[in-house]
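Source file: run21.csv. Holds: CSV, C-alpha atoms.
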```
chain,number,residue,atom,x,y,z
D,1,MET,CA,258.1,286.2,219.4
D,2,ILE,CA,259.2,285.6,215.8
D,3,ARG,CA,258.3,282.0,216.2
D,4,THR,CA,254.7,282.9,217.2
D,5,ILE,CA,254.4,285.4,214.3
D,6,VAL,CA,255.7,282.9,211.7
D,7,GLY,CA,253.5,280.2,213.2
D,8,LEU,CA,250.4,282.4,212.9
D,9,ILE,CA,251.3,283.4,209.4
D,10,ILE,CA,251.7,279.8,208.3
D,11,VAL,CA,248.4,278.7,210.0
D,12,LEU,CA,246.5,281.7,208.5
D,13,ALA,CA,247.9,281.0,205.1
D,14,LEU,CA,246.9,277.4,205.3
D,15,SER,CA,243.4,278.2,206.5
D,16,VAL,CA,242.9,280.7,203.6
D,17,VAL,CA,244.1,278.0,201.1
D,18,VAL,CA,241.8,275.4,202.5
D,19,ILE,CA,238.7,277.7,202.7
D,20,SER,CA,239.2,279.1,199.2
D,21,SER,CA,239.6,275.6,197.8
D,22,VAL,CA,236.0,274.6,198.8
D,23,PRO,CA,234.1,274.7,195.5
D,24,ASP,CA,230.6,275.6,196.9
D,25,TYR,CA,229.0,275.7,200.3
D,26,SER,CA,226.0,273.4,199.6
D,27,LEU,CA,224.8,270.2,201.2
D,28,PRO,CA,225.7,266.8,199.8
D,29,SER,CA,222.6,265.2,198.3
D,30,GLY,CA,223.3,261.6,199.0
D,31,LEU,CA,225.7,258.8,199.0
D,32,GLN,CA,227.8,258.0,196.0
D,33,GLY,CA,230.2,255.4,194.7
D,34,VAL,CA,231.5,252.8,197.0
D,35,GLY,CA,229.7,254.2,200.1
D,36,GLN,CA,226.4,253.7,198.3
D,37,ASP,CA,227.5,250.2,197.3
D,38,TYR,CA,228.5,249.2,200.8
D,39,THR,CA,225.2,250.5,202.4
D,40,GLU,CA,223.1,248.6,199.8
D,41,ARG,CA,224.9,245.3,199.7
D,42,GLY,CA,226.7,245.2,203.1
D,43,VAL,CA,224.3,243.1,205.0
D,44,ASN,CA,223.7,240.6,202.2
D,45,ASP,CA,227.5,240.3,201.5
D,46,THR,CA,228.7,240.0,205.1
D,47,GLY,CA,225.8,239.4,207.4
D,48,SER,CA,227.0,242.2,209.6
D,49,VAL,CA,224.4,244.8,210.7
D,50,ASN,CA,227.1,247.3,211.6
D,51,LEU,CA,228.4,248.4,208.2
D,52,VAL,CA,231.5,250.0,209.6
D,53,THR,CA,232.6,246.7,211.0
D,54,ALA,CA,231.7,245.1,207.7
D,55,VAL,CA,234.0,247.5,205.8
D,56,VAL,CA,236.8,247.2,208.4
D,57,VAL,CA,236.8,243.5,208.9
D,58,ALA,CA,235.3,241.9,205.8
D,59,TYR,CA,235.6,244.2,202.7
D,60,ARG,CA,239.0,245.7,203.8
D,61,GLY,CA,240.1,242.9,206.0
D,62,LEU,CA,243.6,242.9,204.5
D,63,ASP,CA,244.1,246.6,205.4
D,64,THR,CA,243.1,245.7,209.0
D,65,LEU,CA,245.7,243.0,209.0
D,66,GLY,CA,248.2,245.7,207.9
D,67,GLU,CA,247.0,248.0,210.6
D,68,VAL,CA,247.5,245.4,213.2
D,69,VAL,CA,251.1,245.0,211.9
D,70,VAL,CA,251.6,248.8,212.2
D,71,LEU,CA,250.3,248.7,215.8
D,72,PHE,CA,252.5,245.7,216.5
D,73,SER,CA,255.7,247.4,215.2
D,74,ALA,CA,254.9,250.7,217.0
D,75,SER,CA,254.4,248.9,220.3
D,76,THR,CA,257.5,246.8,219.7
D,77,ALA,CA,259.5,250.0,219.0
D,78,VAL,CA,258.1,251.6,222.3
D,79,VAL,CA,259.1,248.5,224.3
D,80,LEU,CA,262.5,248.3,222.6
D,81,VAL,CA,263.4,251.9,223.1
D,82,LEU,CA,262.3,251.8,226.7
D,83,THR,CA,264.2,248.6,227.6
D,84,LEU,CA,267.4,249.6,225.8
D,85,VAL,CA,267.6,252.7,228.0
D,86,PRO,CA,266.6,251.9,231.6
D,87,MET,CA,265.3,255.2,233.0
D,88,GLY,CA,263.3,255.2,236.2
D,89,ALA,CA,263.5,253.1,239.2
D,90,ASN,CA,260.7,253.8,241.7
D,91,PRO,CA,257.2,254.3,240.3
D,92,THR,CA,255.3,257.2,241.7
D,93,PRO,CA,253.1,255.9,244.5
D,94,SER,CA,249.4,256.0,243.7
D,95,SER,CA,246.9,258.1,245.7
D,96,SER,CA,244.4,256.3,247.9
D,97,ILE,CA,241.5,257.1,245.5
D,98,VAL,CA,243.3,255.4,242.6
D,99,ALA,CA,244.4,252.5,244.8
D,100,PHE,CA,240.8,251.9,246.0
D,101,THR,CA,239.1,252.2,242.5
D,102,SER,CA,241.7,249.9,241.0
D,103,GLY,CA,240.4,247.2,243.3
D,104,VAL,CA,236.8,247.7,242.5
D,105,LEU,CA,236.4,248.7,238.9
D,106,PRO,CA,238.6,246.6,236.6
D,107,GLY,CA,236.3,243.6,236.6
D,108,SER,CA,233.3,245.6,235.2
D,109,ILE,CA,235.6,247.4,232.8
D,110,VAL,CA,236.9,244.1,231.4
D,111,LEU,CA,233.3,242.9,231.1
D,112,PHE,CA,232.3,246.0,229.2
D,113,GLY,CA,235.3,245.6,226.9
D,114,ILE,CA,234.5,242.0,226.1
D,115,TYR,CA,230.9,243.1,225.4
D,116,ILE,CA,232.2,245.8,223.0
D,117,ILE,CA,234.5,243.2,221.3
D,118,THR,CA,231.8,240.5,220.9
D,119,HIS,CA,229.1,242.8,219.7
D,120,GLY,CA,231.2,244.6,217.1
D,121,HIS,CA,229.0,243.4,214.2
D,122,LEU,CA,225.8,244.4,215.9
D,123,SER,CA,226.5,247.8,217.5
D,124,PRO,CA,229.2,250.4,217.5
D,125,GLY,CA,232.4,248.7,218.6
D,126,GLY,CA,234.6,245.9,217.6
D,127,GLY,CA,238.1,244.7,218.3
D,128,PHE,CA,240.0,248.0,218.4
D,129,PRO,CA,237.8,250.0,220.8
D,130,GLY,CA,237.0,246.9,222.9
D,131,GLY,CA,240.7,246.0,223.2
D,132,ALA,CA,241.5,249.6,224.3
D,133,VAL,CA,238.8,249.4,227.0
D,134,VAL,CA,240.3,246.1,228.3
D,135,ALA,CA,243.7,247.6,228.2
D,136,SER,CA,242.4,250.6,230.3
D,137,ALA,CA,241.4,248.1,233.0
D,138,PHE,CA,245.0,246.8,233.0
D,139,LEU,CA,246.3,250.4,233.2
D,140,LEU,CA,244.1,251.0,236.2
D,141,VAL,CA,245.4,247.9,238.0
D,142,MET,CA,248.9,248.9,237.3
D,143,LEU,CA,248.4,252.5,238.5
D,144,GLY,CA,246.9,251.2,241.7
D,145,SER,CA,249.7,248.9,242.7
D,146,ASN,CA,253.1,250.4,243.8
D,147,LYS,CA,255.1,247.6,242.3
D,148,ILE,CA,257.0,247.7,239.0
D,149,PRO,CA,255.4,245.3,236.6
D,150,GLY,CA,257.7,242.4,235.8
D,151,LYS,CA,258.4,240.9,232.4
D,152,SER,CA,255.1,239.4,231.2
D,153,LYS,CA,255.3,236.2,229.2
D,154,LEU,CA,251.5,236.0,229.2
D,155,LEU,CA,251.0,239.3,227.4
D,156,ALA,CA,253.6,238.4,224.7
D,157,SER,CA,252.0,235.0,224.1
D,158,ILE,CA,248.5,236.4,223.9
D,159,GLU,CA,249.8,238.9,221.4
D,160,SER,CA,251.6,236.4,219.2
D,161,LEU,CA,248.8,233.9,219.4
D,162,ALA,CA,246.3,236.5,218.3
D,163,GLY,CA,248.5,237.6,215.4
D,164,VAL,CA,249.0,234.0,214.2
D,165,THR,CA,245.2,233.3,214.5
D,166,PHE,CA,244.4,236.3,212.4
D,167,GLY,CA,246.7,235.0,209.6
D,168,LEU,CA,245.3,231.5,209.9
D,169,LEU,CA,241.7,232.8,209.6
D,170,GLY,CA,242.8,234.5,206.4
D,171,PHE,CA,244.3,231.3,205.1
D,172,TRP,CA,241.2,229.4,206.0
D,173,GLY,CA,239.3,231.5,203.4
D,174,MET,CA,242.1,230.9,201.0
D,175,MET,CA,241.7,227.1,201.4
D,176,MET,CA,238.0,227.1,201.0
D,177,PHE,CA,237.3,229.8,198.4
D,178,GLY,CA,240.8,230.7,197.1
D,179,GLN,CA,240.4,234.2,198.6
D,180,PHE,CA,242.4,235.5,201.6
D,181,LEU,CA,240.2,236.5,204.6
D,182,ASN,CA,237.0,235.3,202.8
D,183,ASN,CA,234.2,236.0,205.3
D,184,MET,CA,231.9,233.2,204.2
D,185,VAL,CA,233.9,230.3,205.6
D,186,LEU,CA,231.4,230.4,208.4
D,187,PRO,CA,227.6,230.9,207.7
D,188,ALA,CA,226.4,234.4,207.6
D,189,GLY,CA,223.4,233.4,209.8
D,190,SER,CA,220.5,235.8,210.4
D,191,PRO,CA,221.8,239.4,210.6
D,192,GLY,CA,221.3,241.0,214.0
D,193,LYS,CA,222.0,237.8,216.0
D,194,LEU,CA,225.2,237.4,218.1
D,195,PHE,CA,226.3,234.3,216.2
D,196,SER,CA,226.2,235.6,212.7
D,197,ALA,CA,228.2,237.5,210.1
D,198,GLY,CA,230.7,234.8,209.2
D,199,ILE,CA,234.2,235.1,210.7
D,200,ILE,CA,233.7,238.8,211.7
D,201,PRO,CA,233.1,238.0,215.4
D,202,LEU,CA,236.2,235.7,215.4
D,203,ILE,CA,238.4,238.4,213.8
D,204,SER,CA,237.0,241.0,216.3
D,205,LEU,CA,238.0,238.7,219.2
D,206,VAL,CA,241.5,238.2,217.7
D,207,ILE,CA,241.9,242.0,217.1
D,208,GLY,CA,240.6,242.7,220.6
D,209,ALA,CA,243.1,240.3,222.3
D,210,LYS,CA,245.9,241.7,220.2
D,211,VAL,CA,245.1,245.4,220.8
D,212,ALA,CA,244.5,244.8,224.6
D,213,SER,CA,247.8,242.9,225.0
D,214,GLU,CA,249.8,245.4,222.9
D,215,LEU,CA,248.5,248.5,224.7
D,216,SER,CA,249.0,246.7,228.0
D,217,GLY,CA,252.6,246.1,227.0
D,218,VAL,CA,253.1,249.7,226.1
D,219,PHE,CA,251.5,250.8,229.4
D,220,SER,CA,253.7,248.5,231.5
D,221,SER,CA,256.9,249.6,229.8
D,222,TYR,CA,255.8,253.2,230.4
D,223,ARG,CA,255.3,252.3,234.1
D,224,LYS,CA,258.7,250.6,234.3
D,225,ALA,CA,260.4,253.6,232.8
D,226,GLY,CA,258.5,256.2,234.8
D,227,GLY,CA,259.1,257.5,238.3
D,228,ASP,CA,262.2,259.0,239.9
D,229,GLU,CA,265.5,258.3,238.5
B,1,MET,CA,222.6,279.5,203.4
B,2,ASN,CA,219.9,277.8,205.6
B,3,ALA,CA,220.3,276.5,209.1
B,4,GLN,CA,221.1,272.9,208.2
B,5,SER,CA,223.8,274.0,205.7
B,6,LEU,CA,225.3,276.3,208.4
B,7,PHE,CA,225.3,273.4,210.9
B,8,TYR,CA,227.0,271.2,208.3
B,9,TRP,CA,229.8,273.6,207.4
B,10,SER,CA,230.3,274.7,211.0
B,11,LEU,CA,231.3,271.1,211.8
B,12,ALA,CA,234.0,271.3,209.1
B,13,VAL,CA,235.2,274.6,210.4
B,14,THR,CA,235.5,273.2,213.9
B,15,ALA,CA,237.5,270.2,212.7
B,16,LEU,CA,239.7,272.4,210.5
B,17,GLY,CA,240.2,274.7,213.6
B,18,LEU,CA,241.5,271.7,215.6
B,19,VAL,CA,244.0,270.9,212.8
B,20,LEU,CA,245.2,274.5,212.7
B,21,ILE,CA,245.5,274.8,216.5
B,22,GLY,CA,247.5,271.6,216.5
B,23,LEU,CA,249.7,272.9,213.7
B,24,TRP,CA,250.2,276.2,215.5
B,25,GLY,CA,251.2,274.3,218.7
B,26,VAL,CA,253.7,272.1,216.8
B,27,LEU,CA,255.2,275.2,215.3
B,28,THR,CA,255.4,277.5,218.3
B,29,ARG,CA,255.6,275.4,221.5
B,30,LYS,CA,259.0,274.6,223.0
B,31,ASN,CA,258.3,271.8,225.4
B,32,ILE,CA,258.4,268.5,223.5
B,33,LEU,CA,255.5,267.0,225.5
B,34,ARG,CA,253.3,270.0,224.5
B,35,ILE,CA,254.4,269.5,220.9
B,36,ALA,CA,253.2,265.9,221.3
B,37,LEU,CA,249.9,267.1,222.7
B,38,ALA,CA,249.5,269.6,219.8
B,39,PHE,CA,250.3,266.8,217.4
B,40,THR,CA,247.5,264.6,218.7
B,41,LEU,CA,245.1,267.6,218.6
B,42,ALA,CA,245.9,268.0,214.9
B,43,ASP,CA,245.5,264.2,214.5
B,44,THR,CA,242.0,264.4,216.1
B,45,GLY,CA,241.1,267.3,213.8
B,46,VAL,CA,242.1,265.3,210.7
B,47,ASN,CA,240.0,262.3,211.9
B,48,LEU,CA,237.0,264.7,212.4
B,49,ILE,CA,237.4,266.0,208.9
B,50,LEU,CA,237.4,262.5,207.5
B,51,VAL,CA,234.3,261.5,209.5
B,52,TRP,CA,232.6,264.8,208.4
B,53,SER,CA,233.3,264.0,204.7
B,54,GLY,CA,231.0,261.0,205.0
B,55,PHE,CA,228.4,262.8,207.0
B,56,LEU,CA,225.0,263.7,205.7
B,57,PRO,CA,222.7,265.9,207.8
B,58,GLY,CA,219.7,264.2,209.3
B,59,ARG,CA,221.0,260.7,208.6
B,60,SER,CA,221.8,258.1,211.2
B,61,ALA,CA,224.8,255.9,212.0
B,62,PRO,CA,225.5,253.1,209.4
B,63,ILE,CA,223.9,250.3,211.4
B,64,VAL,CA,221.1,248.6,209.5
B,65,ASP,CA,217.9,248.3,211.5
B,66,SER,CA,215.0,249.3,209.4
B,67,SER,CA,215.7,252.1,206.9
B,68,VAL,CA,218.6,251.5,204.6
B,69,SER,CA,218.4,254.7,202.7
B,70,SER,CA,218.9,257.0,205.7
B,71,MET,CA,222.5,256.2,206.7
B,72,VAL,CA,225.7,258.1,206.5
B,73,ASP,CA,228.7,256.8,204.5
B,74,PRO,CA,230.4,253.9,206.4
B,75,LEU,CA,233.6,254.1,204.5
B,76,PRO,CA,235.2,257.3,206.1
B,77,GLN,CA,234.2,255.9,209.5
B,78,ALA,CA,236.0,252.7,208.8
B,79,LEU,CA,239.1,254.7,207.6
B,80,VAL,CA,239.0,256.8,210.7
B,81,LEU,CA,238.9,253.7,212.9
B,82,THR,CA,242.2,252.7,211.3
B,83,SER,CA,243.5,256.3,211.6
B,84,ILE,CA,242.7,256.5,215.3
B,85,VAL,CA,244.7,253.3,216.1
B,86,ILE,CA,247.7,254.4,214.0
B,87,GLY,CA,247.4,257.8,215.7
B,88,VAL,CA,247.6,256.2,219.2
B,89,ALA,CA,250.7,254.1,218.1
B,90,VAL,CA,252.4,257.2,216.7
B,91,ALA,CA,251.6,259.3,219.8
B,92,ALA,CA,253.0,256.5,222.1
B,93,LEU,CA,256.2,256.4,220.1
B,94,PHE,CA,256.4,260.2,220.0
B,95,VAL,CA,256.1,260.5,223.8
B,96,VAL,CA,258.8,257.8,224.3
B,97,VAL,CA,261.3,259.4,222.0
B,98,GLY,CA,260.5,262.8,223.4
B,99,VAL,CA,261.1,261.7,227.0
B,100,LEU,CA,264.3,260.0,225.9
B,101,ALA,CA,265.5,263.2,224.2
B,102,ALA,CA,264.5,265.3,227.2
B,103,ARG,CA,266.5,263.0,229.6
B,104,LYS,CA,269.5,263.1,227.2
B,105,SER,CA,269.6,266.9,226.9
B,106,GLY,CA,268.6,267.5,230.5
B,107,SER,CA,265.4,269.5,229.6
B,108,ALA,CA,262.2,269.2,227.6
B,109,ASP,CA,263.0,272.4,225.7
B,110,VAL,CA,263.4,271.6,222.0
B,111,ARG,CA,265.8,274.5,221.6
B,112,ARG,CA,268.3,272.6,223.7
B,113,MET,CA,268.2,269.5,221.6
B,114,LYS,CA,271.2,270.2,219.4
B,115,GLU,CA,271.3,266.7,217.9
B,116,LEU,CA,268.5,267.5,215.5
B,117,LYS,CA,269.9,270.8,214.2
B,118,TRP,CA,272.1,271.3,211.3
```
When written as structure tokens, how does the structure in this file appear?
Amino acid sequence: MIRTIVGLIIVLALSVVVISSVPDYSLPSGLQGVGQDYTERGVNDTGSVNLVTAVVVAYRGLDTLGEVVVLFSASTAVVLVLTLVPMGANPTPSSSIVAFTSGVLPGSIVLFGIYIITHGHLSPGGGFPGGAVVASAFLLVMLGSNKIPGKSKLLASIESLAGVTFGLLGFWGMMMFGQFLNNMVLPAGSPGKLFSAGIIPLISLVIGAKVASELSGVFSSYRKAGGDE
Amino acid sequence: MNAQSLFYWSLAVTALGLVLIGLWGVLTRKNILRIALAFTLADTGVNLILVWSGFLPGRSAPIVDSSVSSMVDPLPQALVLTSIVIGVAVAALFVVVGVLAARKSGSADVRRMKELKW
């Protein structure tokens, strides 16, 4: 009871602070600063039609490398914690609906994921969402089978290979132009085509492979740990 | 305040509401998995606020096709792409640590987890 009241008071106080700190309730007139710059120059600089991908992979590519490292350390921590303490033994058996769909759908889900990854510079998408879609197909397969997933060397090698490739692509730019992750080591091509936008599609592929394998590793260690004790 | 302005600010209020509901859940719930759920709710709300901050009413997604001057700001969307992935990673770790703590103390009730109290 006291917990609820204190929680409500804190939440209400915070909302009052936030609402009273809004200077004026008007509409923003237009883009300013770096956002304006990116929208004006993005296509010429990177060759990517999708400006969000241009910012994520080309302008702020180093941040994305750091983000991949964060994702890697989090998934490593999950796997580490779950393998240090063996918890479950028998995975919960899947229902017949899940078992049937897991035999039909994963192929098209993987295809869709690959489409999202490879068209990241043309339409909404890219390595992160596409990798998550591919990993969801893996999750469906795993939920459909009643076996505990074994230790996968393949996932770990895809993950490491993708991480190393990301770094090498960065150093490629360094060798050619003295700039880490320079996008123009490959030609920008004509914007809107599949093979354009420098190394953005390559980096999307690498990120997609890395995200898919990392999330799949997390799912399979969840599956190993779940079920009855 | 006209209709468009009302629409614009109601989006912000919705996102802020998600953050506050999540915060309230973290403060008042007792089951550690519900706390994790409330945490991800607040996370989603913060992401929505970030996306909203680059939103301009009547403009389209930042994908160049014909009209360059009618796009929203791509920068907050790129930031949120990062933020979503980090949120997933943190939530995955949160759930694992929560399940471990629940198995150790025999219940998912945070009031029984004495190791974190001082």
| message | Quick one: residues within 9 Å of segment 49-54 of chain D, all atoms listed in the file, excluding same-chain residues fewer than 2 positions away - as a PyMOL selection string? | response | (chain D and resi 38-39+42-43+45-47+56-61+120-126+191-192+197+200+204) or (chain B and resi 61-65+73-78+81)
| Near-segment 153-163 of chain D list (9 Å; all atoms listed in the file; drop same-chain fewer than 5 positions) as a ChimeraX atom specification | /D:65,68-69,72,168,205-214,216-217
| query | Ala92 of chain B: which residues within 9 Å, counting all atoms listed in the file, same-chain residues fewer than 2 positions away excluded, as a list in words? | reply |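 So the residues in contact are Ala74, Ser75, Val78 and Val218 of chain D; Gly87, Val88, Ala89, Val90, Phe94, Val95, Val96 and Val97 of chain B.
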| field | Among the residues D:Gly7, D:Gly103, D:Gly144, D:Pro201, the one that comes closest to chain B [using all atoms listed in the file] | value |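 Of D:Gly7, D:Gly103, D:Gly144, D:Pro201, the one nearest chain B, counting all atoms listed in the file, is D:Gly7.
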| task | Provide the atom CA of Leu20 of chain B to atom CA of Leu14 of chain D distance in Å, to one decimal place. | result |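 Going from atom CA of Leu20 of chain B over to atom CA of Leu14 of chain D covers 8.1 Å.
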| Nearest to Leu56 of chain B by atom-to-atom distance, counting only C-alpha atoms, from D:Thr83, D:Gln32, D:Asn44, D:Thr165 |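 Between D:Thr83, D:Gln32, D:Asn44, D:Thr165, the residue approaching Leu56 of chain B most closely is D:Gln32.
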